[in-house]
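In what follows, a single structure is set out as structure tokens and then discussed.
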Amino acid sequence: MNCQQSLHLMENFRLMGMDYGEVRIGIAISDPLQIFSKPYKVLQNNENDVFGEISEIIEKENVEKIILGLPVNFDGNDTQKTKEVREFAKILQTKIKVPLEFSDERYTSADANDLLKKMGYSPQEGRKHIDKIAAALILKNYLETR
């Protein structure tokens, strides 16, 4: 395989970052070369439609792996929220055909909040975007540490 063929294969391989919440799920997508992440969308977490919406994004954006933020305590131990995310991941894996990997999401919500403040968003306006910003930070951290 030559360099041109390798680049062509990579162009279709995106990653999806995901910040799970009981009410909302933040989505971020990597660029085709998996160098950076960008906030994509906030989904309302209702059990009827959310898996279909995730599947549509996977197909539309040529996603080949999901990076799901895993909330753990500051000491790295699981919390009740960790169990909820793991349960969501189990269900998600039965509905989609791409692999899923967990990534530590400690501090991403606080970092997302700080970023939105620096960008001049009011707290009310920031709430509309915080989940997808957190997802982008989860994906960014994954891309930088893999």
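Residue names in the structure tokens use chain letters A, B, ... in the order shown, residue numbers from 1 in each chain, and ligand numbers from 1 in the order shown.
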### Query
Which neighbours of segment 37-45 of chain A fall inside 7 Å, counting only C-alpha atoms, when residues of the same chain fewer than 2 positions from it are skipped, and could you give them as a PyMOL selection string?
chain A and resi 22-31+47+50+131-133+135-136+139-140
Would you put the residues from that selection into a file with N, CA and C atoms, as a short mmCIF file (atom, residue, chain, number, x, y, z; two decimals), in the first residue's frame?
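Written out: result-v3.cif:
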```cif
data_model
loop_
_atom_site.label_atom_id
_atom_site.label_comp_id
_atom_site.auth_asym_id
_atom_site.auth_seq_id
_atom_site.Cartn_x
_atom_site.Cartn_y
_atom_site.Cartn_z
N GLU A 22 -27.86 11.80 32.14
CA GLU A 22 -29.23 11.29 32.21
C GLU A 22 -30.19 12.10 31.35
N VAL A 23 -29.95 13.39 31.22
CA VAL A 23 -30.85 14.27 30.47
C VAL A 23 -30.32 14.53 29.06
N ARG A 24 -29.02 14.78 28.96
CA ARG A 24 -28.42 15.12 27.66
C ARG A 24 -27.14 14.31 27.43
N ILE A 25 -26.84 14.08 26.15
CA ILE A 25 -25.61 13.40 25.76
C ILE A 25 -24.87 14.32 24.79
N GLY A 26 -23.66 14.69 25.16
CA GLY A 26 -22.84 15.52 24.28
C GLY A 26 -22.08 14.67 23.29
N ILE A 27 -22.03 15.14 22.05
CA ILE A 27 -21.34 14.41 20.98
C ILE A 27 -20.27 15.32 20.38
N ALA A 28 -19.11 14.74 20.12
CA ALA A 28 -18.02 15.42 19.41
C ALA A 28 -17.50 14.46 18.35
N ILE A 29 -16.91 15.01 17.30
CA ILE A 29 -16.39 14.20 16.20
C ILE A 29 -14.95 14.63 15.92
N SER A 30 -14.10 13.66 15.60
CA SER A 30 -12.73 13.99 15.21
C SER A 30 -12.70 14.34 13.73
N ASP A 31 -11.60 14.95 13.33
CA ASP A 31 -11.37 15.15 11.90
C ASP A 31 -10.97 13.79 11.31
N GLU A 47 -34.98 7.46 25.87
CA GLU A 47 -34.63 6.11 25.45
C GLU A 47 -35.18 5.73 24.08
N VAL A 50 -32.67 8.17 21.18
CA VAL A 50 -31.25 8.50 21.30
C VAL A 50 -30.35 7.50 20.57
N ASP A 131 -22.40 20.17 27.15
CA ASP A 131 -22.26 18.72 26.96
C ASP A 131 -21.42 18.39 25.73
N LYS A 132 -21.62 19.12 24.64
CA LYS A 132 -20.81 18.84 23.44
C LYS A 132 -19.38 19.35 23.61
N ILE A 133 -19.20 20.41 24.40
CA ILE A 133 -17.84 20.88 24.69
C ILE A 133 -17.11 19.84 25.55
N ALA A 135 -17.75 16.66 25.60
CA ALA A 135 -17.47 15.53 24.70
C ALA A 135 -16.22 15.80 23.86
N ALA A 136 -16.08 17.03 23.38
CA ALA A 136 -14.90 17.39 22.59
C ALA A 136 -13.63 17.30 23.44
N LEU A 139 -12.74 13.61 23.88
CA LEU A 139 -12.12 13.11 22.65
C LEU A 139 -10.72 13.69 22.47
N LYS A 140 -10.55 14.96 22.75
CA LYS A 140 -9.23 15.61 22.64
C LYS A 140 -8.22 14.92 23.56
#
```
### Task
Could you please write out, as a PyMOL selection string, every residue of chain A that DSSP assigns to alpha helix (DSSP H)?
chain A and resi 3-10+50-61+80-95+108-118+123-127+130-145
Only C-alpha atoms, please: the residues just picked out, written as a PDB file, in the first residue's frame.
```pdb
ATOM      1  CA  CYS A   3       1.165   6.619   0.936  1.00  0.00           C
ATOM      2  CA  GLN A   4      -1.741   7.892  -1.186  1.00  0.00           C
ATOM      3  CA  GLN A   5      -3.772   4.725  -0.460  1.00  0.00           C
ATOM      4  CA  SER A   6      -3.001   4.999   3.260  1.00  0.00           C
ATOM      5  CA  LEU A   7      -4.235   8.592   3.372  1.00  0.00           C
ATOM      6  CA  HIS A   8      -7.394   7.615   1.501  1.00  0.00           C
ATOM      7  CA  LEU A   9      -8.181   4.929   4.090  1.00  0.00           C
ATOM      8  CA  MET A  10      -7.594   7.338   6.965  1.00  0.00           C
ATOM      9  CA  VAL A  50     -31.247   8.503  21.296  1.00  0.00           C
ATOM     10  CA  PHE A  51     -29.805   5.241  19.960  1.00  0.00           C
ATOM     11  CA  GLY A  52     -31.263   5.909  16.525  1.00  0.00           C
ATOM     12  CA  GLU A  53     -29.795   9.415  16.545  1.00  0.00           C
ATOM     13  CA  ILE A  54     -26.390   8.056  17.545  1.00  0.00           C
ATOM     14  CA  SER A  55     -26.572   5.459  14.753  1.00  0.00           C
ATOM     15  CA  GLU A  56     -27.428   8.162  12.219  1.00  0.00           C
ATOM     16  CA  ILE A  57     -24.431  10.268  13.277  1.00  0.00           C
ATOM     17  CA  ILE A  58     -22.154   7.215  13.097  1.00  0.00           C
ATOM     18  CA  GLU A  59     -23.276   6.526   9.540  1.00  0.00           C
ATOM     19  CA  LYS A  60     -23.288  10.151   8.369  1.00  0.00           C
ATOM     20  CA  GLU A  61     -19.842  10.970   9.783  1.00  0.00           C
ATOM     21  CA  GLN A  80     -22.783   5.551  40.970  1.00  0.00           C
ATOM     22  CA  LYS A  81     -22.485   7.643  37.801  1.00  0.00           C
ATOM     23  CA  THR A  82     -19.725   5.295  36.566  1.00  0.00           C
ATOM     24  CA  LYS A  83     -22.152   2.380  36.869  1.00  0.00           C
ATOM     25  CA  GLU A  84     -24.808   4.309  34.915  1.00  0.00           C
ATOM     26  CA  VAL A  85     -22.347   5.041  32.108  1.00  0.00           C
ATOM     27  CA  ARG A  86     -21.232   1.398  31.971  1.00  0.00           C
ATOM     28  CA  GLU A  87     -24.889   0.302  31.761  1.00  0.00           C
ATOM     29  CA  PHE A  88     -25.555   2.805  28.967  1.00  0.00           C
ATOM     30  CA  ALA A  89     -22.467   1.473  27.147  1.00  0.00           C
ATOM     31  CA  LYS A  90     -23.758  -2.119  27.387  1.00  0.00           C
ATOM     32  CA  ILE A  91     -27.066  -1.124  25.831  1.00  0.00           C
ATOM     33  CA  LEU A  92     -25.375   1.052  23.200  1.00  0.00           C
ATOM     34  CA  GLN A  93     -23.134  -1.838  22.134  1.00  0.00           C
ATOM     35  CA  THR A  94     -26.216  -3.943  21.356  1.00  0.00           C
ATOM     36  CA  LYS A  95     -27.570  -1.184  19.084  1.00  0.00           C
ATOM     37  CA  THR A 108     -13.926  17.796  31.631  1.00  0.00           C
ATOM     38  CA  SER A 109     -17.169  19.428  32.802  1.00  0.00           C
ATOM     39  CA  ALA A 110     -15.253  22.002  34.847  1.00  0.00           C
ATOM     40  CA  ASP A 111     -12.885  22.623  31.930  1.00  0.00           C
ATOM     41  CA  ALA A 112     -15.856  22.968  29.561  1.00  0.00           C
ATOM     42  CA  ASN A 113     -17.471  25.474  31.918  1.00  0.00           C
ATOM     43  CA  ASP A 114     -14.265  27.514  32.106  1.00  0.00           C
ATOM     44  CA  LEU A 115     -13.933  27.488  28.329  1.00  0.00           C
ATOM     45  CA  LEU A 116     -17.505  28.684  27.821  1.00  0.00           C
ATOM     46  CA  LYS A 117     -16.959  31.524  30.319  1.00  0.00           C
ATOM     47  CA  LYS A 118     -13.792  32.581  28.490  1.00  0.00           C
ATOM     48  CA  PRO A 123     -24.478  30.527  32.257  1.00  0.00           C
ATOM     49  CA  GLN A 124     -27.877  30.074  30.574  1.00  0.00           C
ATOM     50  CA  GLU A 125     -26.419  30.072  27.055  1.00  0.00           C
ATOM     51  CA  GLY A 126     -23.508  27.891  28.155  1.00  0.00           C
ATOM     52  CA  ARG A 127     -25.871  25.148  29.352  1.00  0.00           C
ATOM     53  CA  ILE A 130     -21.553  22.381  27.755  1.00  0.00           C
ATOM     54  CA  ASP A 131     -22.263  18.722  26.964  1.00  0.00           C
ATOM     55  CA  LYS A 132     -20.813  18.837  23.445  1.00  0.00           C
ATOM     56  CA  ILE A 133     -17.838  20.884  24.693  1.00  0.00           C
ATOM     57  CA  ALA A 134     -17.207  18.247  27.384  1.00  0.00           C
ATOM     58  CA  ALA A 135     -17.466  15.525  24.704  1.00  0.00           C
ATOM     59  CA  ALA A 136     -14.902  17.392  22.589  1.00  0.00           C
ATOM     60  CA  LEU A 137     -12.550  17.592  25.590  1.00  0.00           C
ATOM     61  CA  ILE A 138     -12.982  13.854  26.276  1.00  0.00           C
ATOM     62  CA  LEU A 139     -12.121  13.107  22.654  1.00  0.00           C
ATOM     63  CA  LYS A 140      -9.230  15.611  22.643  1.00  0.00           C
ATOM     64  CA  ASN A 141      -7.727  13.990  25.750  1.00  0.00           C
ATOM     65  CA  TYR A 142      -8.071  10.564  24.138  1.00  0.00           C
ATOM     66  CA  LEU A 143      -6.396  11.721  20.916  1.00  0.00           C
ATOM     67  CA  GLU A 144      -3.512  13.272  22.859  1.00  0.00           C
ATOM     68  CA  THR A 145      -2.828  10.258  25.070  1.00  0.00           C
TER      69      THR A 145
END
```
### Query
Which residue gives the smallest distance to Phe102 of chain A among A:Leu68, A:Asp49, A:Pro32, A:Gly21, with only C-alpha atoms counted?
A:Leu68
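Minimum atom-to-atom distances from A:Glu101, A:Phe36, A:Thr79, A:Arg146 to Lys65 of chain A were compared using only C-alpha atoms, and the lowest value belongs to A:Glu101.
Atom pair atom CA of Asn62 of chain A / atom CA of Phe13 of chain A has a distance of 6.3 Å (rounded to one decimal).
Atom CA of Asn73 of chain A is found 23.9 Å from atom CA of His129 of chain A.
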#### Entry: Option closest in space to Asp104 of chain A, from A:Asp78, A:Gln34, A:Gly120, A:Lys128 [counting only C-alpha atoms]
A:Asp78
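The gap separating atom CA of Met18 of chain A from atom CA of Lys97 of chain A is 15.9 Å, in Å to one decimal.
If you count only C-alpha atoms and ignore residues fewer than 2 places along the chain from Phe74 of chain A, what sits within 12 Å of it is A:Pro71, A:Val72, A:Gly76, A:Asn77, A:Asp78, A:Thr79, A:Asp104, A:Glu105, A:Arg106, A:Tyr107.
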